[in-house]
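Containing mmCIF, N, CA and C atoms: coords-v3.cif.
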data_upload
#
loop_
_atom_site.label_atom_id
_atom_site.label_comp_id
_atom_site.auth_asym_id
_atom_site.auth_seq_id
_atom_site.Cartn_x
_atom_site.Cartn_y
_atom_site.Cartn_z
N MET A 1 103.37 108.57 80.43
CA MET A 1 103.48 107.57 81.48
C MET A 1 103.46 106.19 80.84
N SER A 2 104.37 105.34 81.26
CA SER A 2 104.42 103.96 80.78
C SER A 2 104.01 103.05 81.94
N PRO A 3 102.77 102.54 81.92
CA PRO A 3 102.28 101.76 83.06
C PRO A 3 102.97 100.41 83.17
N LYS A 4 103.03 99.91 84.41
CA LYS A 4 103.59 98.59 84.66
C LYS A 4 102.73 97.89 85.71
N PRO A 5 102.79 96.56 85.78
CA PRO A 5 101.99 95.84 86.76
C PRO A 5 102.19 96.38 88.17
N GLY A 6 101.08 96.54 88.87
CA GLY A 6 101.09 97.07 90.23
C GLY A 6 100.76 98.55 90.32
N ASP A 7 100.88 99.27 89.20
CA ASP A 7 100.55 100.70 89.22
C ASP A 7 99.08 100.91 89.52
N LEU A 8 98.80 101.97 90.27
CA LEU A 8 97.44 102.38 90.58
C LEU A 8 97.15 103.64 89.78
N LEU A 9 96.17 103.56 88.88
CA LEU A 9 95.88 104.66 87.97
C LEU A 9 94.46 105.19 88.13
N ARG A 10 94.29 106.46 87.82
CA ARG A 10 92.96 107.06 87.71
C ARG A 10 92.66 107.10 86.22
N ILE A 11 91.66 106.36 85.80
CA ILE A 11 91.27 106.29 84.39
C ILE A 11 90.03 107.15 84.22
N ASP A 12 90.16 108.21 83.42
CA ASP A 12 89.03 109.11 83.19
C ASP A 12 88.97 109.50 81.72
N GLY A 13 88.25 110.54 81.40
CA GLY A 13 88.05 110.97 80.03
C GLY A 13 89.32 111.36 79.30
N ARG A 14 90.40 111.66 80.03
CA ARG A 14 91.67 111.97 79.37
C ARG A 14 92.28 110.72 78.74
N ALA A 15 91.99 109.56 79.32
CA ALA A 15 92.52 108.30 78.81
C ALA A 15 91.66 107.74 77.68
N SER A 16 90.35 107.95 77.76
CA SER A 16 89.42 107.50 76.72
C SER A 16 88.04 108.08 77.03
N VAL A 17 87.33 108.46 75.99
CA VAL A 17 86.01 109.07 76.20
C VAL A 17 85.05 108.13 76.91
N GLN A 18 85.26 106.83 76.81
CA GLN A 18 84.35 105.90 77.48
C GLN A 18 84.43 105.98 79.00
N PHE A 19 85.46 106.64 79.54
CA PHE A 19 85.62 106.77 80.99
C PHE A 19 85.40 108.21 81.47
N ALA A 20 84.74 109.02 80.68
CA ALA A 20 84.50 110.42 81.03
C ALA A 20 83.44 110.54 82.13
N GLY A 21 83.51 111.64 82.86
CA GLY A 21 82.50 111.96 83.88
C GLY A 21 82.41 110.92 84.98
N ASP A 22 81.16 110.48 85.26
CA ASP A 22 80.95 109.54 86.36
C ASP A 22 81.35 108.11 86.01
N ARG A 23 81.91 107.90 84.82
CA ARG A 23 82.38 106.57 84.42
C ARG A 23 83.87 106.38 84.69
N ALA A 24 84.50 107.39 85.31
CA ALA A 24 85.92 107.29 85.67
C ALA A 24 86.10 106.18 86.71
N LEU A 25 87.30 105.61 86.75
CA LEU A 25 87.55 104.54 87.70
C LEU A 25 89.00 104.53 88.18
N THR A 26 89.20 103.87 89.31
CA THR A 26 90.54 103.64 89.83
C THR A 26 90.90 102.22 89.42
N PHE A 27 92.10 102.06 88.87
CA PHE A 27 92.48 100.81 88.20
C PHE A 27 93.86 100.36 88.66
N ARG A 28 93.96 99.11 89.13
CA ARG A 28 95.24 98.51 89.49
C ARG A 28 95.70 97.67 88.31
N VAL A 29 96.83 98.04 87.70
CA VAL A 29 97.34 97.35 86.52
C VAL A 29 97.84 95.95 86.90
N GLY A 30 97.36 94.96 86.15
CA GLY A 30 97.83 93.59 86.33
C GLY A 30 98.84 93.22 85.27
N SER A 31 98.55 93.61 84.02
CA SER A 31 99.48 93.35 82.93
C SER A 31 99.28 94.37 81.82
N VAL A 32 100.32 94.52 81.01
CA VAL A 32 100.32 95.45 79.90
C VAL A 32 100.54 94.64 78.63
N LEU A 33 99.64 94.77 77.66
CA LEU A 33 99.79 94.06 76.40
C LEU A 33 100.76 94.84 75.52
N HIS A 34 101.82 94.21 75.10
CA HIS A 34 102.84 94.89 74.31
C HIS A 34 102.66 94.66 72.81
N GLN A 35 101.46 94.24 72.42
CA GLN A 35 101.14 94.07 71.01
C GLN A 35 100.96 95.43 70.36
N GLN A 36 101.36 95.55 69.11
CA GLN A 36 101.24 96.81 68.37
C GLN A 36 99.76 97.21 68.24
N THR A 37 99.46 98.43 68.60
CA THR A 37 98.11 98.98 68.44
C THR A 37 98.27 100.31 67.72
N TYR A 38 97.25 101.14 67.76
CA TYR A 38 97.38 102.48 67.20
C TYR A 38 98.41 103.25 68.02
N PRO A 39 99.20 104.10 67.38
CA PRO A 39 100.23 104.86 68.11
C PRO A 39 99.61 105.65 69.28
N GLY A 40 100.22 105.51 70.46
CA GLY A 40 99.77 106.25 71.63
C GLY A 40 98.67 105.56 72.44
N TRP A 41 98.22 104.39 72.00
CA TRP A 41 97.17 103.64 72.69
C TRP A 41 97.75 102.33 73.21
N ILE A 42 97.15 101.79 74.29
CA ILE A 42 97.65 100.57 74.91
C ILE A 42 96.52 99.79 75.57
N TRP A 43 96.65 98.47 75.57
CA TRP A 43 95.72 97.59 76.28
C TRP A 43 96.27 97.29 77.67
N LEU A 44 95.43 97.45 78.69
CA LEU A 44 95.80 97.12 80.06
C LEU A 44 94.79 96.11 80.62
N THR A 45 95.28 95.17 81.38
CA THR A 45 94.42 94.24 82.11
C THR A 45 94.67 94.51 83.58
N GLY A 46 93.59 94.51 84.36
CA GLY A 46 93.75 94.76 85.79
C GLY A 46 92.43 94.75 86.50
N TYR A 47 92.39 95.42 87.63
CA TYR A 47 91.22 95.39 88.50
C TYR A 47 90.70 96.79 88.80
N VAL A 48 89.41 96.94 88.73
CA VAL A 48 88.73 98.17 89.13
C VAL A 48 88.62 98.12 90.65
N LEU A 49 89.00 99.22 91.31
CA LEU A 49 88.95 99.28 92.77
C LEU A 49 87.85 100.22 93.23
N ASN A 50 87.18 99.84 94.32
CA ASN A 50 86.17 100.73 94.89
C ASN A 50 86.85 101.74 95.81
N ARG A 51 86.05 102.56 96.48
CA ARG A 51 86.61 103.62 97.34
C ARG A 51 87.41 103.07 98.51
N ARG A 52 87.15 101.83 98.90
CA ARG A 52 87.88 101.22 100.01
C ARG A 52 89.14 100.50 99.53
N GLY A 53 89.41 100.53 98.23
CA GLY A 53 90.61 99.90 97.69
C GLY A 53 90.45 98.42 97.40
N GLU A 54 89.21 97.94 97.41
CA GLU A 54 88.94 96.53 97.14
C GLU A 54 88.65 96.33 95.66
N ALA A 55 89.19 95.25 95.10
CA ALA A 55 88.93 94.93 93.70
C ALA A 55 87.47 94.50 93.53
N THR A 56 86.79 95.11 92.56
CA THR A 56 85.39 94.78 92.33
C THR A 56 85.15 94.11 90.98
N ALA A 57 86.08 94.26 90.04
CA ALA A 57 85.92 93.65 88.72
C ALA A 57 87.26 93.58 88.02
N LYS A 58 87.45 92.51 87.27
CA LYS A 58 88.64 92.41 86.42
C LYS A 58 88.24 92.96 85.06
N ARG A 59 89.10 93.80 84.47
CA ARG A 59 88.78 94.44 83.18
C ARG A 59 89.99 94.48 82.27
N GLU A 60 89.71 94.53 80.99
CA GLU A 60 90.69 94.87 79.97
C GLU A 60 90.25 96.21 79.41
N ILE A 61 91.16 97.17 79.40
CA ILE A 61 90.79 98.50 78.90
C ILE A 61 91.78 98.96 77.85
N TYR A 62 91.31 99.77 76.93
CA TYR A 62 92.11 100.31 75.83
C TYR A 62 92.16 101.82 76.03
N VAL A 63 93.34 102.35 76.31
CA VAL A 63 93.46 103.75 76.72
C VAL A 63 94.65 104.44 76.04
N GLN A 64 94.59 105.77 76.05
CA GLN A 64 95.70 106.58 75.54
C GLN A 64 96.75 106.75 76.62
N LEU A 65 97.99 106.53 76.25
CA LEU A 65 99.09 106.68 77.21
C LEU A 65 99.16 108.08 77.78
N THR A 66 98.94 109.10 76.95
CA THR A 66 99.05 110.49 77.42
C THR A 66 97.97 110.84 78.43
N GLY A 67 96.88 110.07 78.49
CA GLY A 67 95.79 110.36 79.41
C GLY A 67 95.89 109.64 80.74
N LEU A 68 96.90 108.78 80.91
CA LEU A 68 97.03 108.03 82.15
C LEU A 68 97.61 108.90 83.26
N ARG A 69 97.01 108.80 84.44
CA ARG A 69 97.45 109.56 85.61
C ARG A 69 97.53 108.63 86.82
N PRO A 70 98.52 108.83 87.68
CA PRO A 70 98.54 108.04 88.92
C PRO A 70 97.31 108.39 89.76
N ALA A 71 96.79 107.41 90.47
CA ALA A 71 95.66 107.67 91.37
C ALA A 71 96.16 108.55 92.51
N VAL A 72 95.26 109.31 93.11
CA VAL A 72 95.63 110.23 94.19
C VAL A 72 96.33 109.51 95.32
N ASN A 73 95.79 108.38 95.74
CA ASN A 73 96.40 107.60 96.80
C ASN A 73 97.10 106.41 96.17
N SER A 74 98.39 106.56 95.87
CA SER A 74 99.12 105.49 95.19
C SER A 74 99.88 104.61 96.17
N SER A 75 99.59 104.76 97.47
CA SER A 75 100.26 103.91 98.45
C SER A 75 99.66 102.51 98.41
N PRO A 76 100.46 101.49 98.78
CA PRO A 76 99.93 100.13 98.76
C PRO A 76 98.76 99.98 99.71
N LEU A 77 97.89 99.05 99.41
CA LEU A 77 96.73 98.81 100.27
C LEU A 77 97.20 98.25 101.60
N LYS A 78 96.56 98.68 102.66
CA LYS A 78 96.89 98.18 103.98
C LYS A 78 96.01 96.96 104.25
N HIS A 79 96.59 95.98 104.92
CA HIS A 79 95.83 94.80 105.28
C HIS A 79 94.99 95.12 106.51
N PRO A 80 93.73 94.71 106.50
CA PRO A 80 92.89 95.00 107.66
C PRO A 80 93.37 94.23 108.88
N THR A 81 93.15 94.82 110.04
CA THR A 81 93.51 94.13 111.27
C THR A 81 92.32 93.32 111.74
N ARG A 82 92.60 92.25 112.45
CA ARG A 82 91.52 91.41 112.98
C ARG A 82 91.03 91.98 114.30
N ARG A 83 89.73 91.94 114.46
CA ARG A 83 89.18 92.31 115.77
C ARG A 83 89.37 91.14 116.71
N GLY A 84 89.60 91.44 117.95
CA GLY A 84 89.72 90.38 118.94
C GLY A 84 90.97 89.54 118.75
N SER A 85 92.06 90.17 118.34
CA SER A 85 93.29 89.41 118.15
C SER A 85 93.80 88.91 119.50
N LEU A 86 94.68 87.94 119.45
CA LEU A 86 95.21 87.35 120.67
C LEU A 86 95.97 88.39 121.48
N PRO A 87 95.91 88.29 122.78
CA PRO A 87 96.66 89.24 123.61
C PRO A 87 98.16 89.02 123.45
N THR A 88 98.91 90.06 123.71
CA THR A 88 100.37 89.99 123.63
C THR A 88 100.90 89.21 124.81
N ARG A 89 101.82 88.28 124.54
CA ARG A 89 102.47 87.52 125.61
C ARG A 89 103.90 88.02 125.76
N ARG A 90 104.43 87.87 126.93
CA ARG A 90 105.82 88.27 127.17
C ARG A 90 106.68 87.02 127.27
N ASN A 91 107.85 87.12 126.66
CA ASN A 91 108.77 85.99 126.82
C ASN A 91 109.59 86.22 128.08
N PRO A 92 110.38 85.23 128.51
CA PRO A 92 111.12 85.37 129.77
C PRO A 92 112.09 86.55 129.81
N LEU A 93 112.51 87.04 128.63
CA LEU A 93 113.46 88.16 128.63
C LEU A 93 112.77 89.51 128.71
N GLY A 94 111.47 89.52 128.69
CA GLY A 94 110.73 90.73 128.88
C GLY A 94 110.31 91.47 127.60
N SER A 95 110.70 91.02 126.43
CA SER A 95 110.27 91.71 125.20
C SER A 95 108.94 91.11 124.74
N ALA A 96 108.12 91.93 124.13
CA ALA A 96 106.78 91.50 123.72
C ALA A 96 106.86 90.52 122.54
N ARG A 97 105.99 89.52 122.56
CA ARG A 97 105.85 88.57 121.45
C ARG A 97 104.38 88.46 121.11
N HIS A 98 104.10 88.16 119.85
CA HIS A 98 102.71 87.96 119.41
C HIS A 98 102.48 86.51 119.11
#
Exercise: express the given structure as structure tokens:
Amino acid sequence: MSPKPGDLLRIDGRASVQFAGDRALTFRVGSVLHQQTYPGWIWLTGYVLNRRGEATAKREIYVQLTGLRPAVNSSPLKHPTRRGSLPTRRNPLGSARH
């Protein structure tokens, strides 16, 4: 897998031993460092996401490309809706407007 900005990844022990077990995390890639490193390893900058999909920390991580996996829920985050939003108004032609 070749990660790119915006990818949502599950980082665990397959990517690096430092993320094994309960240290695994869900990571939104912000940038990929294209500097030469050890073969098969890469630096990623991005955000650690909690279970609700909210960014909790910005991190730089060094991981093996072969250990990278897409996160289970790779769909884009949904924007929360506001409670008590304005009521829908109708225009003179009868179609709903917000």
So that I can see what lies close to Leu49 (chain A), please list as a PyMOL selection string the residues with an atom at most 7 Å from it, counting only C-alpha atoms and leaving out residues fewer than 3 positions away in the same chain. chain A and resi 26-27+53-56
Residue among A:Tyr62, A:Pro3, A:Arg69, A:Val17 lying closest to Ser31 (chain A), counting all atoms listed in the file: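 Of A:Tyr62, A:Pro3, A:Arg69, A:Val17, the one nearest Ser31 (chain A), counting all atoms listed in the file, is A:Pro3.
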Quick one: distance from atom N of Gly40 (chain A) to atom N of Ala24 (chain A) in Å, one decimal? 21.7 Å
Between CA of Pro5 (chain A) and CA of Val63 (chain A), what distance in Å does the model show, to one decimal?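 We find that CA of Pro5 (chain A) and CA of Val63 (chain A) lie 15.4 Å from each other.
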What's around Gly46 (chain A) at 6 Å? Count only N, CA and C atoms, leave out sequence neighbours fewer than 5 positions away in its own chain, and write the answer as a VMD selection string. chain A and resid 28 to 31 57 to 60
Identify all residues satisfying the PyMOL selection byres ((chain A and resi 65) around 7) in the given file; provide them as a list in words.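 In the shown coordinates, the PyMOL selection byres ((chain A and resi 65) around 7) covers Met1, Ser2, Ala15, Gly40, Trp41, Ile42, Val63, Gln64, Thr66, Gly67 and Leu68 of chain A.
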Give the answer as one residue: which of A:Ala20, A:Val72, A:Arg52, A:Thr45 has the shortest atom-to-atom distance to Leu33 (chain A), using only C-alpha atoms?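 Closest to Leu33 (chain A) of all the choices is A:Thr45.
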So the first atom is atom N of Ile11 (chain A) and the second is atom C of Asn50 (chain A); what is the distance between them in Å, to one decimal place?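 Separation of atom N of Ile11 (chain A) and atom C of Asn50 (chain A): 12.0 Å.
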